[in-house]
Structures are given as C-alpha cells and as structure tokens.
Amino acid sequence: MSQLEAQEFAPAPAERRGLARDQVQLLVATDRGITHTRFHRLDEHLELGDIVVVNNSATVAAAVDAVSDRHGPVVLHLATPLDDATWVVEVRRPPDAARAVLDARAGDRIDLVGGAAHLQLIEPYPAPGSSPTGTGNRLWRASMTGDLTAAVRRLGRPIAYGYLDARYPLTDYQTVFGHRPGSAEMPSAGRPFSPDLVTRLVAKGVLVAPITLHTGVSSQEAGEFPQAERFEVPRSTAAAVNAARAAGGRVIAVGTTVTRALESAVDVGRDGATVVARSGWTSRIISPAEPPLVTDGLVTGWHDPEASHLMLVEAVAGAGLTRRAYTAASASGYLWHEFGDSCLLLPGSGRSQGKSR
C-alpha cells in the first residue's frame with residue numbers, strides 16, 4: 001500500500017477537536033461494498049449473537065525525558081518490564097520523539113532527568129543483531145538502578161510522537177474498557193467506544209467480552225515485527241467466544257491487540273479451533289501465511305503502509321478488502337493513528353456457523 005500517500009494524522013483527541021469520542025468517522029468495509037458513517041452507529045452493523053472482544057488494558061505513563069552519556073538529551077520510552085527485572089526500552093530523539101536513536105551501544109548509560117533512576121543498555125531486544133532493516137537496533141534490554149516506578153509516576157507522560165499538536169494528559173489515552181494498567185501505548189481501537197454505545201450493543205444482543213494484552217511500543221520500522229507482549233484470555237471470555245461461534249455468531253476483535261491475544265489462546269483439535277483460557281507472553285505473528293482461526297471481523301484504526309499491524313489486518317480481512325478500505329479512507333480524508341478515525345472490516349457476508357477459518 002505504499003501508493004497511499006494521502007494519510008492525514010489526527011493531531012489531537014477527538015474531544016479536543018470538538019467531537020465526542022464516538023463521533024469519529026467509521027468506514028465499514030464488507031464484500032458488498034464500502035459504507036461511510038460515524039462510530040456511534042457501529043451497532044447498526046452488528047447482529048444479535050455476535051461477540052465483540054475488547055482489551056481492558058489501561059495505558060500507563062511510559063515516556064520520560066533523560067540524558068544519554070553519548071547522545072545528550074533523549075526521550076526514553078519504557079516498552080515493557082521483563083520477568084528478570086530488566087526492561088525493554090526505546091531511545092528516541094527529543095523533543096517530540098519523532099525519530100529513534102539507532103546508534104546506541106551496549107553499555108550506554110541513560111539518566112532520567114532529575115537523577116531519580118538510571119539505566120544501562122545491555123543488548124538489543126529481542127536478540128543481538130535483531131534489526132530486520134540493517135539500520136541499527138531500535139529496542140534494547142536495559143538494567144535499572146533506583147526507584148523507576150516512583151520516578152515515572154513523578155516525571156512520566158504518555159508516549160506520543162511528532163504528529164500531535166500538543167502534549168495531552170494520560171486520561172486522554174484511556175479507553176472506556178481500560179482498568180488493568182500496563183500498556184505502554186493505548187490500545188487505540190477501543191478509544192471511540194462510549195458507555196452509551198456499549199449499552200446499545202448489549203441491548204441488541206451483541207455480547208461484549210474482555211481480554212487483556214499489555215502493549216509495547218508501536219513505532220515499528222518497516223518490516224519490523226511486534227515484540228512479545230503479556231496477555232490473558234480469561235475462562236469466561238473463552239467460553240463466550242466458543243458459544244457464540246457454535247451458534248453462528250461472528251467474533252469481532254477490537255484492535256490488533258485483541259486479535260493477537262485471542263489467536264494466542266486457540267487450540268486446534270479434531271473438532272476445529274477452540275479458544276481456551278490462557279495467559280503469559282505471546283510472540284504470535286498473525287499474517288496471511290499464518291491467518292487467524294477464530295476472528296471473523298475487526299474494528300481498527302488506520303495503520304501506516306508496511307507496518308506489521310497492517311499485515312495482521314490483511315490476514316483477517318484479506319488483501320483485496322483491506323486495499324479497498326484504505327483507498328476509500330485516503331480518498332475521503334480519514335484521519336490516521338491513535339486519535340484518528342476507525343474502520344470495521346467484515347469479510348464475507350455470512351455468519352460464522354461455528355467453523356474454524
């Protein structure tokens with residue numbers, strides 16, 4: 001999709017642009033055509049018996065100003081804590097974190113502003129020489145000294161990039177579902193949902209069920225795969241998804257995070273694909289070569305061409321439908337990225353019929 005050059009990034013949250021969060025544009029793409037509407041009318045495109053699976057991870061303040069012993073002032077993104085008490089971090093250029101620092105080295109020392117905590121880069125993450133583009137290592141495993149939690153509570157802010165017109169508070173980066181803190185970046189596909197819309201979905205007979213996936217940083221370079229992320233699919237959600245599929249309902253994932261978590265909790269037996277309760281780390285890469293088994297549709301924002309998230313979208317919706325949706329969105333001035341407009345992709349015109357895909 002490299003020919004799509006007309007993307008316009010949303011510069012601010014919808015509410016800061018004079019819209020309710022559920023008033024952003026919604027493009028509905030099915031095999032029957034493209035529909036342009038508003039997100040608060042999402043319920044009109046779902047049916048009794050469908051299940052909408054959402055991410056209940058809440059966004060944390062994961063960006064902090066720091067000073068590198070070799071690069072001077074930097075912006076540090078805290079992607080995720082690892083089980084061995086080290087962290088996955090990304091070092092970016094100040095002041096707006098528009099570009100990654102790609103010439104960092106093992107042993108570099110980085111001090112948080114104010115000296116409350118320090119870190120030392122250990123090795124590229126997930127492994128030495130892991131950069132797929134050959135342009136340098138973007139993510140690093142780092143050791144920490146000092147009270148990082150207290151320092152970030154005092155100094156931290158939401159991760160943001162240069163296309164925003166201002167810095168916005170952490171409350172603007174939360175969804176109505178988020179109550180388990182842990183995401184370095186907002187699970188943004190769920191942001192346009194409002195309590196009123198959720199109520200109307202449930203009243204219509206559309207079930208809403210949660211998973212948890214704590215996101216890492218999403219600023220992947222072209223060709224770079226997403227990092228491993230912590231997730232949990234609870235027993236109640238697994239049972240609800242299986243029941244909906246058995247009754248012919250569609251499984252609609254709200255975001256690539258939900259798709260990744262659900263598909264990481266699938267067991268395949270003689271009777272087909274079944275969702276089970278599962279938690280831990282997932283490295284699942286969903287692609288047209290390794291397609292989803294239980295996800296029938298997707299609510300998502302708009303992703304940059306060549307991003308790994310777009311590969312997942314194509315795996316769910318198919319390359320043709322995805323291309324038609326992106327072409328229509330570009331032509332109609334839809335806004336990209338975390339505060340932008342939305343898309344509902346519903347490949348196929350029939351019900352799930354409880355079959356594995």
# chains A, B, ... in the order shown; residues from 1 in each chain; ligands from 1

$ select_by_dssp --residues "stretch 129-204 of chain A" --states "alpha helix (DSSP H)" --output "PyMOL selection string"
chain A and resi 148-155+195-204

$ closest_atom_pairs --of "stretch 19-110 of chain A" --to "stretch 238-254 of chain A" --cutoff "9 Å" --atoms "only C-alpha atoms" --output "Markdown table"
| residue | atom | partner | partner_atom | distance |
| --- | --- | --- | --- | --- |
| A:Leu46 | CA | A:Arg250 | CA | 8.8 |
| A:Glu47 | CA | A:Gly249 | CA | 8.0 |
| A:Leu48 | CA | A:Gly249 | CA | 7.7 |
| A:Gly49 | CA | A:Gly249 | CA | 4.9 |
| A:Asp50 | CA | A:Gly249 | CA | 4.5 |
| A:Ile51 | CA | A:Val251 | CA | 5.2 |
| A:Val52 | CA | A:Ile252 | CA | 4.8 |
| A:Val53 | CA | A:Ala253 | CA | 5.1 |
| A:Val54 | CA | A:Val254 | CA | 5.3 |
| A:Asn55 | CA | A:Val254 | CA | 7.3 |

$ residues_around --residues "A:Ala315" --least-positions-apart "6" --cutoff "7 Å" --atoms "only C-alpha atoms" --output "NGL selection string"
:A and (286-288 or 291-292)

$ write_last_selection --atoms "C-alpha atoms" --output "PDB file, in the first residue's frame"
ATOM      1  CA  ILE A 286      -0.634 -13.143  12.542  1.00  0.00           C
ATOM      2  CA  SER A 287      -0.177 -12.837   8.809  1.00  0.00           C
ATOM      3  CA  PRO A 288      -1.752 -14.087   5.579  1.00  0.00           C
ATOM      4  CA  PRO A 291      -4.055 -16.472   9.398  1.00  0.00           C
ATOM      5  CA  PRO A 292      -6.427 -16.150  12.350  1.00  0.00           C
TER       6      PRO A 292
END

$ residues_around --residues "A:Leu346" --least-positions-apart "3" --cutoff "9 Å" --atoms "only C-alpha atoms" --output "PyMOL selection string"
chain A and resi 28-31+252+296-299+316-317+321+349

$ closest_residue --among "A:Glu338, A:Asp65, A:Asp196, A:Glu314" --to "A:Ala117" --atoms "only C-alpha atoms"
A:Asp65

$ closest_residue --among "A:Leu197, A:Leu148, A:Leu164, A:Ala98" --to "A:Ala20" --atoms "only C-alpha atoms"
A:Leu197

$ select_by_dssp --residues "stretch 218-266 of chain A" --states "strand (DSSP E)" --output "list in words"
Glu229, Arg230, Phe231, Glu232, Val233, Val251, Ile252, Ala253, Val254 and Val266 of chain A

$ atom_distance --atom1 "atom CA of A:Gly178" --atom2 "atom CA of A:Val60"
10.5 Å

$ atom_distance --atom1 "atom CA of A:Arg154" --atom2 "atom CA of A:Leu170"
12.8 Å

$ residues_around --residues "A:Gln25" --least-positions-apart "4" --cutoff "7 Å" --atoms "only C-alpha atoms" --output "ChimeraX atom specification"
/A:37-39,341-342

$ closest_residue --among "A:Leu19, A:Leu121, A:Val266, A:Leu344" --to "A:Ser279" --atoms "only C-alpha atoms"
A:Val266

$ atom_distance --atom1 "atom CA of A:Arg200" --atom2 "atom CA of A:Glu15"
21.3 Å

$ residues_around --residues "A:Leu26" --least-positions-apart "3" --cutoff "12 Å" --atoms "only C-alpha atoms" --output "MDAnalysis selection string"
chainID A and resid 21:23 29 34:45 189 192:193 299:302 325 328:329 332:336 340:345

$ write_last_selection --atoms "C-alpha atoms" --output "PDB file, in the first residue's frame"
ATOM      1  CA  ARG A  21     -15.126  10.225  21.143  1.00  0.00           C
ATOM      2  CA  ASP A  22     -17.804   8.080  19.442  1.00  0.00           C
ATOM      3  CA  GLN A  23     -18.365  10.713  16.732  1.00  0.00           C
ATOM      4  CA  ALA A  29     -15.940  -2.492   4.629  1.00  0.00           C
ATOM      5  CA  ILE A  34     -17.965   0.464   1.499  1.00  0.00           C
ATOM      6  CA  THR A  35     -20.158   2.468   3.888  1.00  0.00           C
ATOM      7  CA  HIS A  36     -19.169   5.806   5.457  1.00  0.00           C
ATOM      8  CA  THR A  37     -20.764   6.542   8.817  1.00  0.00           C
ATOM      9  CA  ARG A  38     -19.906   7.574  12.388  1.00  0.00           C
ATOM     10  CA  PHE A  39     -18.616   5.293  15.122  1.00  0.00           C
ATOM     11  CA  HIS A  40     -21.665   5.749  17.353  1.00  0.00           C
ATOM     12  CA  ARG A  41     -23.627   3.809  14.708  1.00  0.00           C
ATOM     13  CA  LEU A  42     -21.410   0.735  14.966  1.00  0.00           C
ATOM     14  CA  ASP A  43     -24.285  -1.244  16.485  1.00  0.00           C
ATOM     15  CA  GLU A  44     -26.229  -0.942  13.225  1.00  0.00           C
ATOM     16  CA  HIS A  45     -23.622  -3.122  11.504  1.00  0.00           C
ATOM     17  CA  ALA A 189      -9.021   0.674  18.529  1.00  0.00           C
ATOM     18  CA  PRO A 192     -14.091   5.534  20.148  1.00  0.00           C
ATOM     19  CA  PHE A 193     -16.386   3.350  22.271  1.00  0.00           C
ATOM     20  CA  VAL A 299     -12.568  -2.883  14.481  1.00  0.00           C
ATOM     21  CA  THR A 300      -9.342  -0.977  13.937  1.00  0.00           C
ATOM     22  CA  GLY A 301      -7.734   2.355  13.316  1.00  0.00           C
ATOM     23  CA  TRP A 302      -5.629   3.154  10.273  1.00  0.00           C
ATOM     24  CA  ALA A 325     -10.905   0.141   2.574  1.00  0.00           C
ATOM     25  CA  ALA A 328     -11.564   4.759   0.239  1.00  0.00           C
ATOM     26  CA  ALA A 329     -10.278   6.129   3.551  1.00  0.00           C
ATOM     27  CA  SER A 332     -12.277  10.583   1.918  1.00  0.00           C
ATOM     28  CA  GLY A 333      -9.833  12.262   4.280  1.00  0.00           C
ATOM     29  CA  TYR A 334      -9.955   9.821   7.185  1.00  0.00           C
ATOM     30  CA  LEU A 335      -7.517  10.576   9.995  1.00  0.00           C
ATOM     31  CA  TRP A 336      -4.761   8.120  10.885  1.00  0.00           C
ATOM     32  CA  GLY A 340      -7.955   9.183  14.349  1.00  0.00           C
ATOM     33  CA  ASP A 341     -10.917   7.603  12.612  1.00  0.00           C
ATOM     34  CA  SER A 342     -11.951   3.977  12.604  1.00  0.00           C
ATOM     35  CA  CYS A 343     -12.800   1.029  10.388  1.00  0.00           C
ATOM     36  CA  LEU A 344     -14.995  -2.053  10.724  1.00  0.00           C
ATOM     37  CA  LEU A 345     -13.824  -4.863   8.458  1.00  0.00           C
TER      38      LEU A 345
END

$ decode --residues "stretch 166-180 of chain A" --atoms "all heavy atoms" --output "compact mmCIF listing (two decimals), in the first residue's frame"
# COMPACT_ATOMS: atom_id res chain seq x y z
N ALA A 166 0.13 18.94 20.43
CA ALA A 166 0.42 19.30 21.81
C ALA A 166 0.59 18.02 22.61
O ALA A 166 0.35 16.91 22.11
CB ALA A 166 -0.72 20.15 22.40
N ARG A 167 1.03 18.17 23.85
CA ARG A 167 1.05 17.04 24.77
C ARG A 167 -0.29 16.96 25.49
O ARG A 167 -0.81 17.98 25.96
CB ARG A 167 2.19 17.18 25.78
CG ARG A 167 3.56 16.98 25.16
CD ARG A 167 4.66 17.08 26.21
NE ARG A 167 5.98 16.82 25.61
CZ ARG A 167 7.11 16.94 26.26
NH1 ARG A 167 7.12 17.31 27.55
NH2 ARG A 167 8.26 16.69 25.64
N TYR A 168 -0.83 15.76 25.57
CA TYR A 168 -2.14 15.56 26.18
C TYR A 168 -2.01 14.66 27.40
O TYR A 168 -1.12 13.81 27.48
CB TYR A 168 -3.11 14.98 25.16
CG TYR A 168 -3.40 15.98 24.06
CD1 TYR A 168 -2.73 15.91 22.83
CD2 TYR A 168 -4.30 17.01 24.27
CE1 TYR A 168 -2.97 16.86 21.85
CE2 TYR A 168 -4.54 17.96 23.28
CZ TYR A 168 -3.87 17.88 22.08
OH TYR A 168 -4.10 18.82 21.11
N PRO A 169 -2.90 14.83 28.40
CA PRO A 169 -2.77 14.08 29.64
C PRO A 169 -3.10 12.60 29.47
O PRO A 169 -3.73 12.18 28.49
CB PRO A 169 -3.79 14.76 30.57
CG PRO A 169 -4.81 15.35 29.64
CD PRO A 169 -4.03 15.77 28.42
N LEU A 170 -2.67 11.82 30.46
CA LEU A 170 -2.86 10.38 30.40
C LEU A 170 -4.33 10.00 30.28
O LEU A 170 -4.66 8.98 29.66
CB LEU A 170 -2.24 9.74 31.65
CG LEU A 170 -2.17 8.22 31.69
CD1 LEU A 170 -1.35 7.67 30.53
CD2 LEU A 170 -1.58 7.75 33.02
N THR A 171 -5.23 10.80 30.85
CA THR A 171 -6.65 10.48 30.75
C THR A 171 -7.15 10.43 29.32
O THR A 171 -8.08 9.70 29.01
CB THR A 171 -7.48 11.52 31.54
OG1 THR A 171 -7.10 12.85 31.12
CG2 THR A 171 -7.23 11.39 33.03
N ASP A 172 -6.52 11.20 28.42
CA ASP A 172 -6.92 11.18 27.02
C ASP A 172 -6.49 9.88 26.32
O ASP A 172 -6.93 9.61 25.20
CB ASP A 172 -6.32 12.38 26.27
CG ASP A 172 -7.07 13.67 26.54
OD1 ASP A 172 -8.18 13.61 27.09
OD2 ASP A 172 -6.54 14.75 26.21
N TYR A 173 -5.63 9.12 26.95
CA TYR A 173 -5.11 7.89 26.36
C TYR A 173 -5.77 6.64 26.93
O TYR A 173 -5.25 5.53 26.77
CB TYR A 173 -3.60 7.80 26.58
CG TYR A 173 -2.81 8.80 25.75
CD1 TYR A 173 -2.67 10.11 26.16
CD2 TYR A 173 -2.21 8.42 24.54
CE1 TYR A 173 -1.94 11.04 25.41
CE2 TYR A 173 -1.49 9.33 23.78
CZ TYR A 173 -1.36 10.64 24.22
OH TYR A 173 -0.65 11.54 23.47
N GLN A 174 -6.91 6.81 27.60
CA GLN A 174 -7.61 5.66 28.16
C GLN A 174 -8.86 5.35 27.35
O GLN A 174 -9.50 6.24 26.78
CB GLN A 174 -8.00 5.94 29.62
CG GLN A 174 -6.85 6.37 30.51
CD GLN A 174 -5.75 5.31 30.64
OE1 GLN A 174 -5.90 4.16 30.22
NE2 GLN A 174 -4.61 5.70 31.22
N THR A 175 -9.21 4.07 27.30
CA THR A 175 -10.47 3.64 26.71
C THR A 175 -11.48 3.40 27.84
O THR A 175 -11.11 3.31 29.01
CB THR A 175 -10.31 2.34 25.90
OG1 THR A 175 -10.12 1.24 26.81
CG2 THR A 175 -9.09 2.43 24.95
N VAL A 176 -12.75 3.27 27.48
CA VAL A 176 -13.77 3.01 28.50
C VAL A 176 -13.61 1.62 29.11
O VAL A 176 -14.18 1.34 30.16
CB VAL A 176 -15.20 3.16 27.93
CG1 VAL A 176 -15.44 4.59 27.48
CG2 VAL A 176 -15.45 2.18 26.80
N PHE A 177 -12.83 0.75 28.46
CA PHE A 177 -12.65 -0.61 28.95
C PHE A 177 -11.43 -0.76 29.86
O PHE A 177 -11.30 -1.74 30.58
CB PHE A 177 -12.51 -1.59 27.78
CG PHE A 177 -13.59 -1.46 26.75
CD1 PHE A 177 -13.30 -0.97 25.48
CD2 PHE A 177 -14.89 -1.82 27.04
CE1 PHE A 177 -14.30 -0.85 24.52
CE2 PHE A 177 -15.90 -1.70 26.09
CZ PHE A 177 -15.60 -1.21 24.82
N GLY A 178 -10.50 0.18 29.81
CA GLY A 178 -9.21 0.00 30.44
C GLY A 178 -9.27 0.14 31.96
O GLY A 178 -9.59 1.21 32.48
N HIS A 179 -8.95 -0.93 32.67
CA HIS A 179 -8.87 -0.86 34.13
C HIS A 179 -7.70 -1.66 34.69
O HIS A 179 -7.52 -1.70 35.90
CB HIS A 179 -10.19 -1.33 34.76
CG HIS A 179 -10.44 -2.80 34.61
ND1 HIS A 179 -10.05 -3.72 35.55
CD2 HIS A 179 -11.05 -3.51 33.63
CE1 HIS A 179 -10.41 -4.93 35.16
NE2 HIS A 179 -11.01 -4.83 34.00
N ARG A 180 -6.89 -2.28 33.82
CA ARG A 180 -5.71 -3.03 34.26
C ARG A 180 -4.47 -2.34 33.70
O ARG A 180 -4.10 -2.57 32.54
CB ARG A 180 -5.78 -4.49 33.79
CG ARG A 180 -7.00 -5.25 34.31
CD ARG A 180 -6.96 -6.71 33.90
NE ARG A 180 -5.89 -7.42 34.57
CZ ARG A 180 -5.60 -8.71 34.38
NH1 ARG A 180 -6.30 -9.43 33.50
NH2 ARG A 180 -4.60 -9.28 35.03
